[in-house]
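Peer 1: Below: one structure in structure tokens.
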Amino acid sequence: MLNLPNTLTLSRIILVIVYTAALAWDGSKSPLTNEISGGWLEPVSMTACIALWAFVVAAITDFFDGYLARKYNLVTSFGKLIDPLADKILVGAGFIYLTSVGMCPFWVSILIIFREFLVTGLRQLAVAKGVVMAADKLGKWKTTAQLTYCIACMAHLAYGGNLFEPLRSLSIGETAWWFREIALWLSVILTLWSGANYCIQSRHLIRG
């Protein structure tokens with residue numbers, strides 16, 4: 001029987017499907033628009049808006065499923081398997097799309113996906129040798145930075161200039177650009193760092 005944390009994890013995968021389907025549907029405007037077409041929080045792309053909020057809710061479930069599982073002792077073997085898989089699907093879907101519309105360098109997406117495959121392989125190697133490799137705090141910060149970058153970019157795609165129009169006189173729009181850049185490079189640094197950390201922890205397994 002599925003418990004609440006596992007249900008939240010599965011809902012994250014379903015939300016990724018909603019995210020992908022919304023973006024696959026033809027939008028009425030270019031996804032890289034900066035134009036202001038109406039009032040504050042008026043979408044310039046309804047499909048991107050649907051994708052954004054599906055992604056946001058999915059990211060929220062990423063926090064709560066693990067929190068609830070630990071707090072109420074609902075950790076299961078199924079949850080240990082499906083939770084990291086759902087995370088990888090969510091992050092991969094976000095970065096692949098952002099690369100396709102020119103908002104993320106292609107090498108960043110390749111690096112992130114490569115790291116996920118590498119860590120998955122190391123974990124499988126560890127399991128085969130009877131060793132448990134639990135997710136560390138560095139990996140959680142890495143995921144947080146990645147999701148923050150994806151959400152910031154999707155907010156731009158969904159709302160364009162409308163999102164920061166009330167604060168345009170304070171140059172918040174420029175600040176938002178810098179925020180995305182910082183989140184991007186933080187994602188890259190933490191991806192490399194956490195990946196290297198897993199390799200160091202697994203060096204005795206690799207050596208046999």
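Labels used: A, B, ... for chains in the order of the structure tokens, numbers from 1 for residues in each chain, and numbers from 1 for ligands as shown.
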Skipping near chain neighbours, those fewer than 2 positions away, what residues fall within 12 Å of Ile189 in chain A using only C-alpha atoms, listed as a PyMOL selection string?
Peer 2: chain A and resi 108+111-112+115+138-139+141-143+145-146+182-187+191-196
Peer 1: Within 7 Å of Ala152 in chain A, counting only C-alpha atoms, which residues qualify if same-chain residues fewer than 4 places away don't, as a list in words?
Peer 2: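 In the requested format, the answer is Thr148, His156 and Arg180 of chain A.
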Peer 1: Can you spit out the residues from that selection as a PDB file, in the first residue's frame, using C-alpha atoms?
Peer 2:
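Output saved as selection_7.pdb:
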ATOM      1  CA  THR A 148      15.676  27.304  -8.228  1.00  0.00           C
ATOM      2  CA  HIS A 156      10.484  34.447 -17.106  1.00  0.00           C
ATOM      3  CA  ARG A 180      19.231  33.328 -12.687  1.00  0.00           C
TER       4      ARG A 180
END
Peer 1: Each residue of range 80-199 of chain A lying at most 12 Å from range 10-19 of chain A should get a row with its shortest atom-to-atom pair and the distance in Å to one decimal, counting only C-alpha atoms; could you produce that, ordered by chain and increasing number, as a tab-separated table?
Peer 2:
residue	atom	partner	partner_atom	distance
A:Leu81	CA	A:Leu10	CA	11.4
A:Ile82	CA	A:Leu10	CA	7.8
A:Asp83	CA	A:Leu10	CA	8.2
A:Pro84	CA	A:Ile13	CA	11.1
A:Leu85	CA	A:Ile13	CA	9.0
A:Ala86	CA	A:Ile13	CA	5.8
A:Asp87	CA	A:Arg12	CA	8.2
A:Lys88	CA	A:Ile13	CA	10.0
A:Ile89	CA	A:Ile13	CA	7.3
A:Leu90	CA	A:Val16	CA	6.0
A:Val91	CA	A:Val16	CA	9.5
A:Gly92	CA	A:Val16	CA	10.0
A:Ala93	CA	A:Val16	CA	7.3
A:Gly94	CA	A:Tyr19	CA	8.8
A:Tyr97	CA	A:Tyr19	CA	10.2
A:Ile151	CA	A:Tyr19	CA	11.9
A:Met154	CA	A:Tyr19	CA	10.7
Peer 1: May I have the residues from that selection written out with all heavy atoms, as a compact mmCIF listing (two decimals), in the first residue's frame?
Peer 2:
# COMPACT_ATOMS: atom_id res chain seq x y z
N LEU A 81 13.84 3.89 -3.79
CA LEU A 81 14.09 3.70 -5.23
C LEU A 81 13.48 4.82 -6.05
O LEU A 81 14.14 5.40 -6.92
CB LEU A 81 13.51 2.35 -5.67
CG LEU A 81 13.50 2.10 -7.19
CD1 LEU A 81 14.92 1.99 -7.70
CD2 LEU A 81 12.71 0.83 -7.50
N ILE A 82 12.21 5.13 -5.80
CA ILE A 82 11.47 6.03 -6.68
C ILE A 82 11.76 7.50 -6.42
O ILE A 82 11.66 8.33 -7.32
CB ILE A 82 9.94 5.75 -6.56
CG1 ILE A 82 9.21 6.26 -7.81
CG2 ILE A 82 9.37 6.35 -5.30
CD1 ILE A 82 9.53 5.51 -9.06
N ASP A 83 12.13 7.87 -5.17
CA ASP A 83 12.35 9.28 -4.84
C ASP A 83 13.52 9.87 -5.63
O ASP A 83 13.35 10.90 -6.30
CB ASP A 83 12.56 9.45 -3.34
CG ASP A 83 12.77 10.90 -2.96
OD1 ASP A 83 11.94 11.74 -3.36
OD2 ASP A 83 13.76 11.21 -2.28
N PRO A 84 14.72 9.27 -5.61
CA PRO A 84 15.81 9.84 -6.42
C PRO A 84 15.52 9.77 -7.92
O PRO A 84 15.96 10.65 -8.67
CB PRO A 84 17.03 8.99 -6.04
CG PRO A 84 16.47 7.74 -5.46
CD PRO A 84 15.18 8.12 -4.82
N LEU A 85 14.78 8.74 -8.35
CA LEU A 85 14.41 8.65 -9.76
C LEU A 85 13.51 9.81 -10.16
O LEU A 85 13.70 10.44 -11.21
CB LEU A 85 13.72 7.32 -10.03
CG LEU A 85 13.21 7.10 -11.46
CD1 LEU A 85 14.37 7.12 -12.44
CD2 LEU A 85 12.45 5.78 -11.56
N ALA A 86 12.52 10.12 -9.31
CA ALA A 86 11.62 11.24 -9.59
C ALA A 86 12.38 12.56 -9.62
O ALA A 86 12.09 13.43 -10.45
CB ALA A 86 10.52 11.29 -8.53
N ASP A 87 13.36 12.71 -8.73
CA ASP A 87 14.18 13.93 -8.72
C ASP A 87 14.93 14.09 -10.04
O ASP A 87 14.97 15.17 -10.63
CB ASP A 87 15.19 13.88 -7.57
CG ASP A 87 14.52 13.97 -6.21
OD1 ASP A 87 13.33 14.34 -6.16
OD2 ASP A 87 15.18 13.67 -5.21
N LYS A 88 15.51 12.99 -10.50
CA LYS A 88 16.29 13.04 -11.74
C LYS A 88 15.40 13.35 -12.94
O LYS A 88 15.79 14.09 -13.85
CB LYS A 88 17.02 11.71 -11.94
CG LYS A 88 18.14 11.46 -10.94
CD LYS A 88 18.70 10.06 -11.06
CE LYS A 88 19.89 9.85 -10.14
NZ LYS A 88 19.60 10.13 -8.72
N ILE A 89 14.20 12.78 -12.96
CA ILE A 89 13.27 13.04 -14.05
C ILE A 89 12.87 14.51 -14.06
O ILE A 89 12.83 15.16 -15.12
CB ILE A 89 12.02 12.15 -13.92
CG1 ILE A 89 12.40 10.68 -14.14
CG2 ILE A 89 10.94 12.56 -14.92
CD1 ILE A 89 11.28 9.71 -13.87
N LEU A 90 12.58 15.06 -12.87
CA LEU A 90 12.16 16.46 -12.77
C LEU A 90 13.26 17.40 -13.22
O LEU A 90 13.05 18.30 -14.05
CB LEU A 90 11.75 16.77 -11.32
CG LEU A 90 11.34 18.22 -11.02
CD1 LEU A 90 10.09 18.59 -11.81
CD2 LEU A 90 11.11 18.40 -9.53
N VAL A 91 14.46 17.23 -12.68
CA VAL A 91 15.59 18.11 -13.02
C VAL A 91 15.96 17.95 -14.49
O VAL A 91 16.20 18.94 -15.20
CB VAL A 91 16.79 17.80 -12.11
CG1 VAL A 91 18.04 18.53 -12.61
CG2 VAL A 91 16.49 18.21 -10.68
N GLY A 92 16.00 16.71 -14.97
CA GLY A 92 16.35 16.48 -16.37
C GLY A 92 15.36 17.13 -17.32
O GLY A 92 15.75 17.76 -18.31
N ALA A 93 14.06 17.00 -17.03
CA ALA A 93 13.04 17.62 -17.88
C ALA A 93 13.20 19.13 -17.91
O ALA A 93 13.07 19.77 -18.97
CB ALA A 93 11.65 17.24 -17.37
N GLY A 94 13.48 19.71 -16.74
CA GLY A 94 13.64 21.17 -16.68
C GLY A 94 14.81 21.65 -17.50
O GLY A 94 14.67 22.57 -18.31
N TYR A 97 14.51 21.16 -21.45
CA TYR A 97 13.66 22.16 -22.10
C TYR A 97 14.34 23.52 -22.16
O TYR A 97 14.31 24.20 -23.19
CB TYR A 97 12.32 22.30 -21.38
CG TYR A 97 11.48 23.40 -21.98
CD1 TYR A 97 10.87 23.22 -23.23
CD2 TYR A 97 11.32 24.63 -21.35
CE1 TYR A 97 10.12 24.23 -23.81
CE2 TYR A 97 10.58 25.64 -21.92
CZ TYR A 97 9.99 25.44 -23.15
OH TYR A 97 9.26 26.44 -23.73
N ILE A 151 13.01 27.12 -12.01
CA ILE A 151 11.80 27.88 -11.69
C ILE A 151 11.96 29.33 -12.09
O ILE A 151 11.03 29.95 -12.63
CB ILE A 151 11.48 27.75 -10.19
CG1 ILE A 151 11.02 26.32 -9.87
CG2 ILE A 151 10.40 28.75 -9.76
CD1 ILE A 151 10.86 26.04 -8.40
N MET A 154 11.60 29.47 -15.86
CA MET A 154 10.23 29.22 -16.26
C MET A 154 9.32 30.40 -15.93
O MET A 154 8.37 30.71 -16.67
CB MET A 154 9.70 27.94 -15.60
CG MET A 154 10.29 26.65 -16.15
SD MET A 154 10.07 26.45 -17.92
CE MET A 154 8.29 26.59 -18.05
Peer 1: Looking at A:Val56, A:Leu8, A:Ala126, A:Val44, which one is nearest to Tyr198 in chain A, with distances taken over only C-alpha atoms?
Peer 2: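 Distance minimum relative to Tyr198 in chain A lands on A:Ala126.
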Peer 1: Find the residue from A:Phe179, A:Phe78, A:Leu98, A:Ala128 that sits nearest to Ile206 in chain A; use only C-alpha atoms when measuring.
Peer 2: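 Nearest candidate to Ile206 in chain A out of A:Phe179, A:Phe78, A:Leu98, A:Ala128: A:Ala128.
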Peer 1: Give me the residues within 12 Å of Tyr67 in chain A as a ChimeraX atom specification, counting only C-alpha atoms and dropping any in the same chain fewer than 6 places off.
Peer 2: /A:4-6,8-9,60-61,73-75,83
Peer 1: If I take CA of Asp65 in chain A and CA of Ala22 in chain A, how far is one from the other in Å, to one decimal?
Peer 2: 24.5 Å
Peer 1: How far is it from CA of Lys129 in chain A to CA of Ala69 in chain A, in Å with one decimal?
Peer 2: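 Between these atoms lies a distance of 25.8 Å.
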Peer 1: Rank nothing, just name the residue among A:Trp107, A:Phe114, A:Phe63, A:Tyr159 nearest to Ser45 in chain A, using only C-alpha atoms.
Peer 2: A:Tyr159
Peer 1: Tell me which of A:Ala158, A:Phe117, A:Leu147, A:Ala24 sits closest to Val57 in chain A, counting only C-alpha atoms.
Peer 2: A:Leu147
Peer 1: Run DSSP on the backbone and give me the residues of range 14-206 of chain A it puts in alpha helix (DSSP H), as a PyMOL selection string.
Peer 2: chain A and resi 14-24+46-71+77-100+106-128+137-159+172-201+203-206
Peer 1: When you draw a straight line from CA of Thr20 in chain A to CA of Ile110 in chain A, how long is it in Å?
Peer 2: 18.8 Å
Peer 1: Point out the residue among A:Asn3, A:Lys137, A:Met46, A:Leu190 with the least atom-to-atom distance to Ala155 in chain A, counting only C-alpha atoms.
Peer 2: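 Under the stated criterion, the closest residue is A:Met46.
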